[in-house]
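Dumped model_19.txt below, it's compact mmCIF, C-alpha atoms:
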```
# COMPACT_ATOMS: atom_id res chain seq x y z
CA MET A 16 21.84 19.74 45.58
CA ILE A 17 24.12 18.97 42.67
CA GLN A 18 26.17 16.67 44.83
CA TYR A 19 23.05 14.85 45.97
CA SER A 20 21.86 14.52 42.37
CA LEU A 21 25.20 13.05 41.36
CA SER A 22 25.07 10.60 44.24
CA ILE A 23 21.78 9.08 43.14
CA LEU A 24 22.54 9.29 39.43
CA PRO A 25 24.11 5.79 39.14
CA ALA A 26 20.97 4.23 40.60
CA LEU A 27 18.76 6.24 38.26
CA LEU A 28 20.89 5.36 35.25
CA SER A 29 20.75 1.67 35.99
CA GLY A 30 16.97 2.06 36.28
CA ALA A 31 16.94 3.92 32.99
CA LYS A 32 18.86 1.05 31.42
CA MET A 33 16.08 -1.34 32.45
CA THR A 34 13.44 1.07 31.12
CA LEU A 35 15.29 1.26 27.80
CA ALA A 36 15.69 -2.51 27.63
CA ILE A 37 11.98 -3.07 28.08
CA PHE A 38 11.15 -0.25 25.71
CA SER A 39 13.41 -1.32 22.85
CA LEU A 40 12.73 -5.05 23.08
CA THR A 41 8.99 -4.36 23.16
CA VAL A 42 9.24 -2.18 20.06
CA LEU A 43 11.34 -4.82 18.29
CA GLY A 44 8.91 -7.59 19.22
CA SER A 45 5.52 -5.96 18.99
CA ILE A 46 5.83 -4.16 15.64
CA PRO A 47 6.59 -7.30 13.59
CA LEU A 48 4.01 -9.27 15.58
CA GLY A 49 1.46 -6.51 15.05
CA LEU A 50 2.19 -6.52 11.31
CA PHE A 51 1.66 -10.26 11.24
CA LEU A 52 -1.59 -10.01 13.20
CA SER A 53 -2.88 -7.23 10.95
CA LEU A 54 -2.46 -9.50 7.93
CA GLY A 55 -4.55 -12.04 9.83
CA LEU A 56 -7.19 -9.42 10.57
CA LEU A 57 -7.38 -8.64 6.84
CA ALA A 58 -7.28 -12.26 5.66
CA LYS A 59 -10.46 -13.45 4.04
CA PHE A 60 -10.84 -16.26 6.55
CA LYS A 61 -13.62 -15.66 9.04
CA PRO A 62 -12.52 -17.95 11.90
CA LEU A 63 -9.08 -16.30 11.96
CA ASN A 64 -10.60 -12.79 11.89
CA TYR A 65 -12.89 -13.77 14.72
CA LEU A 66 -10.10 -15.20 16.85
CA LEU A 67 -7.83 -12.20 16.29
CA ASN A 68 -10.63 -9.78 17.05
CA ILE A 69 -11.12 -11.49 20.40
CA TYR A 70 -7.38 -11.24 21.01
CA VAL A 71 -7.35 -7.53 20.23
CA TRP A 72 -10.43 -7.01 22.37
CA LEU A 73 -8.83 -8.77 25.37
CA MET A 74 -5.54 -6.91 25.02
CA ARG A 75 -7.06 -3.50 24.55
CA GLY A 76 -9.99 -4.12 26.83
CA THR A 77 -8.10 -4.88 30.04
CA PRO A 78 -5.47 -2.79 31.80
CA LEU A 79 -1.87 -3.57 30.91
CA LEU A 80 -1.16 -3.56 34.64
CA LEU A 81 -3.64 -6.42 35.08
CA GLN A 82 -2.07 -8.35 32.20
CA LEU A 83 1.36 -7.99 33.82
CA ILE A 84 0.05 -9.30 37.14
CA PHE A 85 -1.78 -12.10 35.41
CA ILE A 86 1.25 -13.31 33.45
CA PHE A 87 3.69 -13.10 36.36
CA TYR A 88 1.50 -14.17 39.30
CA GLY A 89 -1.40 -15.91 37.54
CA LEU A 90 0.21 -18.23 35.02
CA PRO A 91 2.38 -20.06 37.61
CA VAL A 92 -0.90 -21.39 39.05
CA VAL A 93 -1.23 -23.49 35.89
CA GLY A 94 2.46 -24.32 35.87
CA ILE A 95 3.74 -21.67 33.47
CA VAL A 96 6.51 -19.72 35.17
CA PHE A 97 8.42 -16.77 33.72
CA ASN A 98 11.15 -14.78 35.37
CA ARG A 99 10.27 -11.14 36.02
CA PHE A 100 11.90 -9.69 32.94
CA ASP A 101 10.48 -12.27 30.52
CA ALA A 102 7.02 -11.89 32.03
CA ALA A 103 7.17 -8.11 31.60
CA LEU A 104 8.40 -8.42 28.03
CA LEU A 105 5.73 -10.96 27.14
CA ALA A 106 2.95 -8.79 28.58
CA PHE A 107 4.20 -5.66 26.81
CA ILE A 108 4.75 -7.32 23.45
CA LEU A 109 1.34 -9.05 23.48
CA ASN A 110 -0.39 -5.84 24.54
CA TYR A 111 1.33 -3.47 22.14
CA ALA A 112 1.07 -5.91 19.22
CA ALA A 113 -2.72 -5.66 19.53
CA TYR A 114 -2.60 -1.87 19.17
CA PHE A 115 -0.11 -2.07 16.30
CA ALA A 116 -2.25 -4.71 14.56
CA GLU A 117 -5.20 -2.33 14.51
CA ILE A 118 -3.03 0.58 13.33
CA PHE A 119 -1.54 -1.48 10.50
CA ARG A 120 -4.94 -2.87 9.51
CA GLY A 121 -6.24 0.67 9.10
CA GLY A 122 -3.08 1.68 7.22
CA PHE A 123 -3.33 -1.16 4.73
CA GLN A 124 -6.98 -0.37 4.10
CA ALA A 125 -6.18 3.29 3.52
CA VAL A 126 -3.89 2.55 0.54
CA ASP A 127 -5.78 3.29 -2.67
CA GLY A 128 -7.11 -0.08 -3.88
CA ASN A 129 -7.09 1.03 -7.51
CA GLN A 130 -3.32 0.85 -7.47
CA ILE A 131 -3.58 -2.84 -6.67
CA GLU A 132 -5.53 -3.30 -9.90
CA ALA A 133 -2.96 -1.25 -11.80
CA ALA A 134 -0.19 -3.46 -10.43
CA HIS A 135 -2.18 -6.57 -11.33
CA VAL A 136 -2.63 -5.43 -14.93
CA LEU A 137 1.12 -4.80 -15.16
CA GLY A 138 1.61 -8.43 -14.20
CA LEU A 139 2.90 -8.01 -10.65
CA THR A 140 2.07 -10.90 -8.36
CA TYR A 141 0.18 -10.27 -5.14
CA PRO A 142 3.26 -10.64 -2.90
CA GLN A 143 5.17 -8.24 -5.17
CA THR A 144 2.30 -5.77 -4.98
CA ILE A 145 2.27 -5.96 -1.19
CA ARG A 146 6.03 -5.47 -0.97
CA LYS A 147 6.48 -2.75 -3.58
CA ILE A 148 3.18 -0.86 -3.58
CA ILE A 149 1.22 -1.39 -0.39
CA VAL A 150 3.77 -1.66 2.42
CA PRO A 151 5.83 1.43 1.45
CA GLN A 152 2.70 3.56 1.38
CA THR A 153 1.35 2.04 4.58
CA VAL A 154 4.50 3.08 6.43
CA LYS A 155 3.80 6.73 5.72
CA ILE A 156 0.15 6.41 6.69
CA VAL A 157 0.77 4.66 10.02
CA LEU A 158 3.84 6.62 11.10
CA PRO A 159 2.05 9.22 13.27
CA SER A 160 -0.06 6.58 15.07
CA VAL A 161 2.89 4.26 15.58
CA GLY A 162 4.83 7.19 16.97
CA ASN A 163 2.08 7.86 19.45
CA GLU A 164 2.16 4.29 20.72
CA VAL A 165 5.95 4.27 20.91
CA ILE A 166 5.95 7.39 23.08
CA ASN A 167 3.22 5.92 25.23
CA LEU A 168 5.35 2.84 25.68
CA ILE A 169 8.24 4.82 27.20
CA LYS A 170 5.98 5.81 30.07
CA ASP A 171 3.95 2.58 30.20
CA SER A 172 7.20 0.72 30.83
CA SER A 173 7.06 2.12 34.38
CA LEU A 174 4.22 -0.34 35.10
CA VAL A 175 6.79 -3.11 35.54
CA TYR A 176 7.28 -1.96 39.14
CA VAL A 177 4.23 -4.08 39.99
CA ILE A 178 6.18 -7.28 39.44
CA GLY A 179 9.24 -5.95 41.20
CA ILE A 180 11.44 -4.88 38.33
CA GLY A 181 13.81 -2.01 39.09
CA ASP A 182 13.15 0.44 36.30
CA LEU A 183 13.72 4.19 36.20
CA LEU A 184 10.62 5.20 38.14
CA ARG A 185 11.23 2.58 40.80
CA ALA A 186 14.83 3.73 41.26
CA GLY A 187 13.59 7.28 41.74
CA ASN A 188 10.88 6.15 44.11
CA VAL A 189 13.31 4.20 46.25
CA ALA A 190 15.69 7.12 46.51
CA SER A 191 12.88 9.54 47.22
CA ALA A 192 11.43 7.41 50.03
CA ARG A 193 14.83 6.70 51.55
CA ASP A 194 16.05 10.31 51.57
CA VAL A 195 12.62 11.93 52.07
CA ASN A 196 13.39 14.12 49.09
CA LEU A 197 11.40 14.92 45.95
CA LEU A 198 14.48 15.68 43.85
CA PRO A 199 14.95 12.07 42.64
CA LEU A 200 11.43 12.14 41.19
CA VAL A 201 12.15 15.43 39.43
CA LEU A 202 15.25 13.85 37.93
CA VAL A 203 13.17 10.84 36.87
CA ALA A 204 10.74 13.16 35.12
CA ILE A 205 13.62 14.85 33.33
CA VAL A 206 14.97 11.51 32.09
CA TYR A 207 11.52 10.49 30.79
CA LEU A 208 11.20 13.86 29.08
CA LEU A 209 14.61 13.44 27.46
CA LEU A 210 13.73 9.98 26.19
CA THR A 211 10.46 11.26 24.80
CA ALA A 212 12.19 14.20 23.15
CA ILE A 213 14.65 11.87 21.42
CA CYS A 214 11.81 9.65 20.19
CA THR A 215 9.82 12.61 18.98
CA GLY A 216 12.84 13.90 17.10
CA VAL A 217 13.45 10.58 15.37
CA LEU A 218 9.77 10.30 14.42
CA ARG A 219 9.75 13.85 13.05
CA GLN A 220 12.73 13.03 10.85
CA LEU A 221 10.99 9.92 9.57
CA GLU A 222 7.82 11.86 8.80
CA ARG A 223 9.84 14.53 7.07
CA TYR A 224 11.56 11.88 4.97
CA TYR A 225 8.21 10.49 3.82
CA ARG A 226 7.09 13.93 2.69
CA TYR A 227 8.86 13.32 -0.63
CA TYR A 228 5.57 12.17 -2.08
CA ARG A 229 1.92 12.95 -1.55
CA MET B 29 -5.08 -9.70 -34.53
CA PHE B 30 -7.04 -9.60 -31.32
CA GLN B 31 -10.44 -11.25 -31.20
CA LEU B 32 -13.21 -11.43 -28.65
CA VAL B 33 -15.52 -14.38 -29.24
CA ASN B 34 -18.99 -14.75 -27.76
CA ILE B 35 -18.22 -12.85 -24.58
CA ASN B 36 -21.00 -12.91 -21.99
CA GLN B 37 -20.93 -11.08 -18.72
CA SER B 38 -23.49 -10.38 -16.02
CA PHE B 39 -23.12 -8.26 -12.97
CA LYS B 40 -25.36 -8.80 -9.94
CA GLY B 41 -27.84 -10.76 -12.03
CA ARG B 42 -27.99 -8.12 -14.74
CA ARG B 43 -26.79 -9.07 -18.21
CA ILE B 44 -24.29 -6.52 -19.41
CA LEU B 45 -22.61 -8.12 -22.40
CA THR B 46 -24.40 -10.68 -24.56
CA ASP B 47 -22.55 -12.77 -27.15
CA LEU B 48 -20.14 -9.98 -27.93
CA ASN B 49 -17.86 -10.49 -30.91
CA LEU B 50 -15.11 -8.09 -31.82
CA THR B 51 -11.98 -8.14 -33.95
CA VAL B 52 -9.10 -5.67 -33.98
CA GLU B 53 -6.50 -5.94 -36.71
CA SER B 54 -2.90 -5.59 -35.56
CA GLY B 55 -1.65 -2.03 -35.62
CA GLN B 56 -5.14 -0.59 -35.87
CA ILE B 57 -7.19 1.50 -33.50
CA LEU B 58 -10.57 0.36 -32.29
CA ALA B 59 -12.77 2.81 -30.45
CA ILE B 60 -15.50 1.42 -28.25
CA VAL B 61 -18.24 3.97 -27.73
CA GLY B 62 -21.62 3.90 -26.06
CA PRO B 63 -23.64 5.56 -23.33
CA SER B 64 -22.78 5.07 -19.67
CA GLY B 65 -24.02 1.76 -18.41
CA ALA B 66 -23.58 0.07 -21.77
CA GLY B 67 -20.71 -2.02 -20.41
CA LYS B 68 -17.68 -0.19 -21.79
CA SER B 69 -15.80 -0.36 -18.52
CA THR B 70 -16.92 -3.93 -17.95
CA LEU B 71 -15.48 -4.89 -21.31
CA LEU B 72 -12.20 -3.16 -20.51
CA ARG B 73 -11.97 -4.97 -17.18
CA LEU B 74 -12.42 -8.28 -18.98
CA MET B 75 -9.77 -7.50 -21.59
CA SER B 76 -7.29 -6.42 -18.93
CA GLY B 77 -7.93 -9.50 -16.83
CA LEU B 78 -9.32 -7.67 -13.80
CA ASP B 79 -12.55 -9.68 -14.14
CA GLN B 80 -13.32 -12.96 -15.80
CA PRO B 81 -16.17 -13.27 -18.27
CA ASP B 82 -19.02 -15.69 -17.54
CA SER B 83 -18.26 -17.25 -20.90
CA GLY B 84 -16.39 -16.48 -24.08
CA GLN B 85 -12.87 -16.43 -25.41
CA PHE B 86 -10.04 -14.05 -26.17
CA ILE B 87 -7.76 -14.84 -29.08
CA ILE B 88 -4.44 -13.15 -29.93
CA ASP B 89 -3.00 -14.04 -33.34
CA GLY B 90 -5.03 -17.22 -33.53
CA GLU B 91 -4.10 -18.45 -30.07
CA ALA B 92 -6.42 -18.51 -27.09
CA TYR B 93 -5.39 -15.96 -24.47
CA GLU B 94 -6.47 -15.76 -20.86
CA PRO B 95 -6.16 -12.14 -19.65
CA SER B 96 -6.61 -13.04 -15.98
CA ALA B 97 -3.95 -15.76 -16.03
CA ALA B 98 -1.03 -15.16 -13.69
CA GLU B 99 1.63 -15.61 -16.37
CA LYS B 100 0.11 -13.10 -18.81
CA GLU B 101 3.33 -11.05 -18.78
CA GLY B 102 1.63 -7.80 -19.66
CA ARG B 103 0.58 -8.61 -23.23
CA ILE B 104 -2.35 -6.23 -22.83
CA GLY B 105 -1.54 -2.85 -21.30
CA VAL B 106 -4.07 -0.50 -19.78
CA VAL B 107 -4.07 3.26 -19.31
CA PHE B 108 -6.65 3.93 -16.64
CA GLN B 109 -8.98 6.87 -16.62
CA ASP B 110 -7.52 8.05 -13.30
CA PHE B 111 -4.01 6.90 -14.37
CA ARG B 112 -3.36 5.05 -11.10
CA LEU B 113 0.29 5.94 -10.88
CA PHE B 114 2.15 4.78 -7.81
CA PRO B 115 2.50 7.99 -5.77
CA HIS B 116 5.50 6.83 -3.74
CA LEU B 117 7.59 6.06 -6.82
CA SER B 118 9.28 8.56 -9.12
CA VAL B 119 8.19 8.77 -12.75
CA LEU B 120 11.07 6.56 -13.86
CA GLU B 121 10.42 4.06 -11.06
CA ASN B 122 6.76 3.89 -12.06
CA VAL B 123 7.86 2.97 -15.56
CA THR B 124 10.60 0.49 -14.62
CA LEU B 125 8.89 -1.34 -11.73
CA ALA B 126 7.02 -3.92 -13.81
CA PRO B 127 9.85 -4.64 -16.28
CA LYS B 128 12.14 -5.27 -13.29
CA MET B 129 9.67 -7.30 -11.22
CA VAL B 130 7.76 -9.17 -13.93
CA LYS B 131 10.18 -9.42 -16.83
CA LYS B 132 13.17 -9.70 -14.47
CA MET B 133 14.96 -7.07 -16.52
CA ALA B 134 18.25 -5.79 -15.09
CA LYS B 135 17.88 -2.44 -13.36
CA ALA B 136 20.20 -0.59 -15.74
CA THR B 137 18.50 -2.02 -18.83
CA ALA B 138 15.06 -1.15 -17.50
CA GLN B 139 16.19 2.38 -16.68
CA THR B 140 17.70 2.97 -20.11
CA ALA B 141 14.56 1.67 -21.80
CA GLY B 142 12.33 3.66 -19.44
CA GLN B 143 14.27 6.86 -19.96
CA GLN B 144 14.01 6.36 -23.72
CA LEU B 145 10.23 5.89 -23.49
CA LEU B 146 9.88 8.98 -21.33
CA THR B 147 11.92 11.00 -23.82
CA GLN B 148 9.70 9.83 -26.67
CA LEU B 149 6.67 10.95 -24.70
CA GLY B 150 8.15 14.35 -23.94
CA LEU B 151 8.86 13.58 -20.29
CA ALA B 152 12.65 13.52 -20.41
CA ASN B 153 12.94 16.15 -17.68
CA GLN B 154 10.31 14.62 -15.41
CA SER B 155 11.89 11.23 -14.81
CA SER B 156 12.88 11.96 -11.21
CA ALA B 157 9.68 13.87 -10.36
CA TYR B 158 6.88 12.31 -8.33
CA PRO B 159 3.34 11.97 -9.69
CA PHE B 160 1.93 14.72 -7.43
CA GLN B 161 4.28 17.21 -9.08
CA LEU B 162 2.93 16.57 -12.57
CA SER B 163 0.02 18.01 -14.54
CA GLY B 164 -2.88 15.78 -15.59
CA GLY B 165 -1.57 15.47 -19.14
CA GLN B 166 1.91 14.55 -17.90
CA ARG B 167 0.45 11.94 -15.56
CA GLN B 168 -1.41 10.37 -18.42
CA ARG B 169 1.76 10.16 -20.47
CA VAL B 170 3.54 8.53 -17.54
CA ALA B 171 0.70 6.00 -17.39
CA ILE B 172 1.16 5.35 -21.11
CA ALA B 173 4.93 4.99 -20.68
CA ARG B 174 4.38 2.62 -17.77
CA ALA B 175 2.11 0.43 -19.92
CA LEU B 176 4.44 0.59 -22.94
CA ALA B 177 7.44 -0.42 -20.84
CA MET B 178 5.97 -3.92 -20.64
CA GLN B 179 5.98 -4.03 -24.45
CA PRO B 180 2.33 -4.99 -24.72
CA GLU B 181 0.84 -6.22 -27.96
CA ILE B 182 -2.34 -4.29 -27.29
CA LEU B 183 -2.78 -1.04 -25.42
CA CYS B 184 -6.19 -0.14 -23.97
CA TYR B 185 -7.31 3.27 -22.78
CA ASP B 186 -10.23 3.91 -20.46
CA GLU B 187 -11.78 7.30 -21.25
CA PRO B 188 -8.47 8.96 -22.12
CA THR B 189 -10.01 12.39 -22.57
CA SER B 190 -12.31 12.59 -19.58
CA ALA B 191 -9.78 13.52 -16.90
CA LEU B 192 -8.07 16.12 -19.06
CA ASP B 193 -8.41 19.75 -19.86
CA PRO B 194 -10.33 20.10 -23.18
CA SER B 195 -7.30 21.83 -24.71
CA LEU B 196 -5.27 18.65 -24.18
CA VAL B 197 -7.63 16.38 -26.11
CA GLU B 198 -5.94 17.20 -29.40
CA SER B 199 -2.52 16.18 -28.08
CA VAL B 200 -3.87 12.87 -26.72
CA ALA B 201 -5.30 12.11 -30.15
CA GLN B 202 -1.91 12.91 -31.67
CA LEU B 203 -0.15 10.68 -29.17
CA ILE B 204 -2.43 7.75 -29.95
CA LEU B 205 -1.92 8.27 -33.69
CA ASP B 206 1.85 8.45 -33.16
CA LEU B 207 1.74 5.10 -31.42
CA LYS B 208 -0.24 3.74 -34.35
CA LYS B 209 2.66 4.67 -36.62
CA ARG B 210 4.74 2.36 -34.48
CA GLU B 211 2.17 -0.37 -35.16
CA MET B 212 0.74 -0.54 -31.69
CA THR B 213 -2.69 -2.14 -31.62
CA GLN B 214 -4.90 0.16 -29.56
CA ILE B 215 -8.36 -0.05 -28.07
CA VAL B 216 -9.89 3.18 -26.82
CA VAL B 217 -12.97 3.18 -24.64
CA THR B 218 -14.62 6.57 -24.80
CA HIS B 219 -17.95 8.32 -24.64
CA ASP B 220 -16.58 11.10 -26.84
CA ILE B 221 -17.83 10.18 -30.34
CA GLN B 222 -15.96 13.06 -31.97
CA PHE B 223 -12.71 11.91 -30.43
CA ALA B 224 -13.41 8.35 -31.53
CA HIS B 225 -13.91 9.46 -35.14
CA LYS B 226 -10.69 11.40 -35.03
CA ILE B 227 -8.50 8.46 -34.05
CA ALA B 228 -10.20 5.18 -34.87
CA ASP B 229 -9.97 2.84 -37.83
CA GLN B 230 -13.02 1.06 -36.53
CA ILE B 231 -15.75 2.18 -34.15
CA PHE B 232 -17.77 -0.28 -32.18
CA GLU B 233 -20.92 0.98 -30.59
CA LEU B 234 -21.92 -0.80 -27.44
CA GLN B 235 -25.65 -0.71 -26.79
CA PRO B 236 -27.09 -1.05 -23.31
CA ASN B 237 -28.86 -4.35 -22.89
CA GLU B 238 -32.62 -4.26 -22.64
CA VAL B 239 -33.66 -5.08 -19.10
```

The structure in this file should be written as structure tokens.
Amino acid sequence: MIQYSLSILPALLSGAKMTLAIFSLTVLGSIPLGLFLSLGLLAKFKPLNYLLNIYVWLMRGTPLLLQLIFIFYGLPVVGIVFNRFDAALLAFILNYAAYFAEIFRGGFQAVDGNQIEAAHVLGLTYPQTIRKIIVPQTVKIVLPSVGNEVINLIKDSSLVYVIGIGDLLRAGNVASARDVNLLPLVLVAIVYLLLTAICTGVLRQLERYYRYYR
Amino acid sequence: MFQLVNINQSFKGRRILTDLNLTVESGQILAIVGPSGAGKSTLLRLMSGLDQPDSGQFIIDGEAYEPSAAEKEGRIGVVFQDFRLFPHLSVLENVTLAPKMVKKMAKATAQTAGQQLLTQLGLANQSSAYPFQLSGGQRQRVAIARALAMQPEILCYDEPTSALDPSLVESVAQLILDLKKREMTQIVVTHDIQFAHKIADQIFELQPNEV
């Protein structure tokens, strides 16, 4: 059994590499985009709020799987063609940015507004107040929700199989079907669990760090 | 000398301040008293630039002053009723943030000045603590230090006794009188007439407007 596991390990690891690539690039792309969108959601400019609310509604209101299919198979109909990896990344970043935008919007609104007045009286400009007072406190507020999404993303990344990308789950699936053996899928589960455990650990440390104030 | 000239302010169609005139001599303490709803807080918000009056003028030492202007550079400091410290910053960081960001003071200079202020206010050992670790009285003194760090010409207090234990009222009065010795012009908004008499050179009674 150990020998068999070792024999399929290279395939699983190369799948895991793809899973990690999609995961990390999505995190890197969707968190800044979500931050940007949340500022738009909070802007006192109705048309922009309206537009962004529709965006969030579309992204959260349809399955990510459908969005993947649409971007990879649908957009070429109107002449927009992405390769598989770019299409997957685009779908994931657009989708997760919508969730992050809503999380950040709530986080910003949860910071005590009276402090903004205190900063204003001290003479701080609005950008300084955002940078020094609001954002640092928002990080602490949103950390648990962001963590939830990040852990979701590890497993959501397996949806890329639908456009033919060889990620971890697909590698396990292929091996399992070829060898008529469930062991590859057990190994896949273990790898996902390990990834999740690492993420959870990092998030715990971050939360612990932010416990220095209340 | 700080003057308020013909200040008018309405809120949601209700007149709150009508042709208000007030003068505070430099280095003196003015207490503004009056029942709730008389416009004490409104007046404080105008002086600190959080709101703009419908009409009227503020004058510091003979020159027109616009509290809500962006480049006001903290000439009027405010100690809020609920202190409004920044919870994610240490006591010293609370005090040095504005001097660093607004006055562009070097970090070391701001820290030395801040530490000195904290020592004067009896907070020498609290400089690396966070607001949640402090008592109400200590928080108030941090708020005062934070305002003083901007070297304001006028320091305003919103109900400085209301969030405190009654036993601390005496020490707040002492603190305000100590600052007077250093020639700080102070304006204290309070509903506590006794407290006002204890500290003030001049008491201004704000009457609620007739509806």

**OP:** Might you pull out every residue within 10 Å of Leu35 in chain A, with all atoms listed in the file counted and same-chain residues fewer than 4 positions away left off, and present them as JSON, numbers by chain?
**Re:** {"A": [29, 30, 31, 39, 40, 41, 169, 172, 182, 183, 210]}

Contact table chain A vs chain B, cut-off 9 Å, shortest pair per residue, all atoms listed in the file, as CSV:
```
residue,atom,partner,partner_atom,distance
A:Asp127,CA,B:Arg112,CA,8.9
A:Asn129,CA,B:Arg112,CA,6.6
A:Gln130,CA,B:Arg112,CA,5.6
A:Glu132,CA,B:Leu78,CA,7.0
A:Ala133,CA,B:Arg112,CA,6.4
A:Ala134,CA,B:Ala126,CA,8.0
A:His135,CA,B:Leu78,CA,7.6
A:Val136,CA,B:Ser76,CA,6.2
A:Leu137,CA,B:Gly102,CA,5.4
A:Gly138,CA,B:Gly102,CA,5.5
A:Leu139,CA,B:Val130,CA,6.0
A:Thr140,CA,B:Ala98,CA,7.5
A:Gln143,CA,B:Met129,CA,7.6
A:Lys147,CA,B:Leu125,CA,8.6
A:Ile148,CA,B:Phe114,CA,7.1
A:Pro151,CA,B:His116,CA,7.5
A:Gln152,CA,B:His116,CA,6.7
A:Tyr225,CA,B:His116,CA,8.8
A:Tyr227,CA,B:His116,CA,7.9
A:Tyr228,CA,B:His116,CA,5.6
A:Arg229,CA,B:Phe160,CA,6.1
```

Subject >> Tyr70 in chain A surroundings by only C-alpha atoms, 12 Å radius, close-in-sequence under 6 positions cut, as JSON, numbers by chain >> reply: {"A": [49, 52, 53, 55, 56, 63, 64, 76, 77, 109, 110, 111, 112, 113, 114, 116, 117]}

Original post:
Can you list, as an MDAnalysis selection string, every protein, DNA or RNA residue that comes within 6 Å of Gly84 in chain B when you count all atoms listed in the file, leaving out same-chain residues fewer than 4 positions away?
Top reply: chainID B and resid 33:35

**OP:** Please provide the set of residues having any atom within 12 Å of Ser199 in chain B, restricted to all atoms listed in the file, with same-chain residues fewer than 4 positions apart removed, written as a count of residues only.
**Re:** 19

Original post:
Counting only C-alpha atoms, which residues come within 9 Å of (8.4, -0.2, 19.0), with the point read in the file's coordinates, and could you list them as a ChimeraX atom specification?
Top reply: /A:38-46,111,161-162,164-166,168

Original post:
Expressed in Å to a single decimal, how great is the separation between CA of Leu45 in chain B and CA of Ile88 in chain B?
Top reply: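 Value for the CA of Leu45 in chain B-CA of Ile88 in chain B distance: 20.3 Å.
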
**OP:** Grab the CA of Leu50 in chain B to CA of Leu32 in chain B distance for me, in Å with one decimal place.
**Re:**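 Computing it gives 5.0 Å between the two atoms.
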
Compile the contact shell of range 197-203 of chain A as a compact mmCIF listing (two decimals) with C-alpha atoms, in the frame of the given file: residues with an atom at most 6 Å away, counting all atoms listed in the file, same-chain residues fewer than 3 positions apart removed.
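That gives us result-v7.txt:
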```
# COMPACT_ATOMS: atom_id res chain seq x y z
CA GLY A 187 13.59 7.28 41.74
CA SER A 191 12.88 9.54 47.22
CA VAL A 206 14.97 11.51 32.09
```

Original post:
From the list B:Gly90, B:Pro63, B:Gly41, B:Gly164, which residue is nearest His219 in chain B when using all atoms listed in the file?
Top reply: B:Pro63

Could you give me the centre and size, in Å to one decimal, of an axis-aligned box around all listed atoms of range 104-116 of chain B with 5 Å added on every side, as lines of an AutoDock Vina configuration file?
```
center_x = -1.7
center_y = 0.9
center_z = -13.3
size_x = 24.5
size_y = 24.3
size_z = 29.1
```

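If you look at CA of Ala152 in chain B and CA of Thr137 in chain B, they are 16.7 Å away from each other.
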
Subject >> Given all atoms listed in the file as the counted atoms, nearest of A:Ile131, A:Leu221, A:Leu90, A:Leu66 to Thr144 in chain A >> reply: A:Ile131

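Counting all atoms listed in the file and comparing B:Leu145, B:Ala136, B:Val170, B:Ile44, the residue that lies closest to Ser64 in chain B is B:Ile44.
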
Where atoms are lacking, range 23-34 of chain A completed to N, CA and C atoms, as an mmCIF file, in the frame of the given file:
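Result written to out.cif:
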```cif
data_model
loop_
_atom_site.group_PDB
_atom_site.id
_atom_site.type_symbol
_atom_site.label_atom_id
_atom_site.label_comp_id
_atom_site.auth_asym_id
_atom_site.auth_seq_id
_atom_site.Cartn_x
_atom_site.Cartn_y
_atom_site.Cartn_z
ATOM 1 N N ILE A 23 22.824 10.063 43.474
ATOM 2 C CA ILE A 23 21.780 9.080 43.140
ATOM 3 C C ILE A 23 21.750 8.757 41.637
ATOM 4 N N LEU A 24 22.561 9.486 40.873
ATOM 5 C CA LEU A 24 22.540 9.290 39.430
ATOM 6 C C LEU A 24 22.823 7.845 38.991
ATOM 7 N N PRO A 25 23.852 7.190 39.581
ATOM 8 C CA PRO A 25 24.110 5.790 39.140
ATOM 9 C C PRO A 25 22.880 4.897 39.283
ATOM 10 N N ALA A 26 22.170 5.052 40.385
ATOM 11 C CA ALA A 26 20.970 4.230 40.600
ATOM 12 C C ALA A 26 19.925 4.544 39.544
ATOM 13 N N LEU A 27 19.749 5.842 39.263
ATOM 14 C CA LEU A 27 18.760 6.240 38.260
ATOM 15 C C LEU A 27 19.142 5.723 36.878
ATOM 16 N N LEU A 28 20.463 5.811 36.575
ATOM 17 C CA LEU A 28 20.890 5.360 35.250
ATOM 18 C C LEU A 28 20.703 3.873 35.070
ATOM 19 N N SER A 29 20.960 3.111 36.145
ATOM 20 C CA SER A 29 20.750 1.670 35.990
ATOM 21 C C SER A 29 19.262 1.379 35.841
ATOM 22 N N GLY A 30 18.420 2.186 36.496
ATOM 23 C CA GLY A 30 16.970 2.060 36.280
ATOM 24 C C GLY A 30 16.598 2.419 34.861
ATOM 25 N N ALA A 31 17.237 3.488 34.357
ATOM 26 C CA ALA A 31 16.940 3.920 32.990
ATOM 27 C C ALA A 31 17.333 2.850 31.995
ATOM 28 N N LYS A 32 18.416 2.122 32.313
ATOM 29 C CA LYS A 32 18.860 1.050 31.420
ATOM 30 C C LYS A 32 17.762 -0.023 31.312
ATOM 31 N N MET A 33 17.159 -0.352 32.456
ATOM 32 C CA MET A 33 16.080 -1.340 32.450
ATOM 33 C C MET A 33 14.885 -0.809 31.644
ATOM 34 N N THR A 34 14.544 0.467 31.873
ATOM 35 C CA THR A 34 13.440 1.070 31.120
ATOM 36 C C THR A 34 13.707 0.974 29.613
#
```
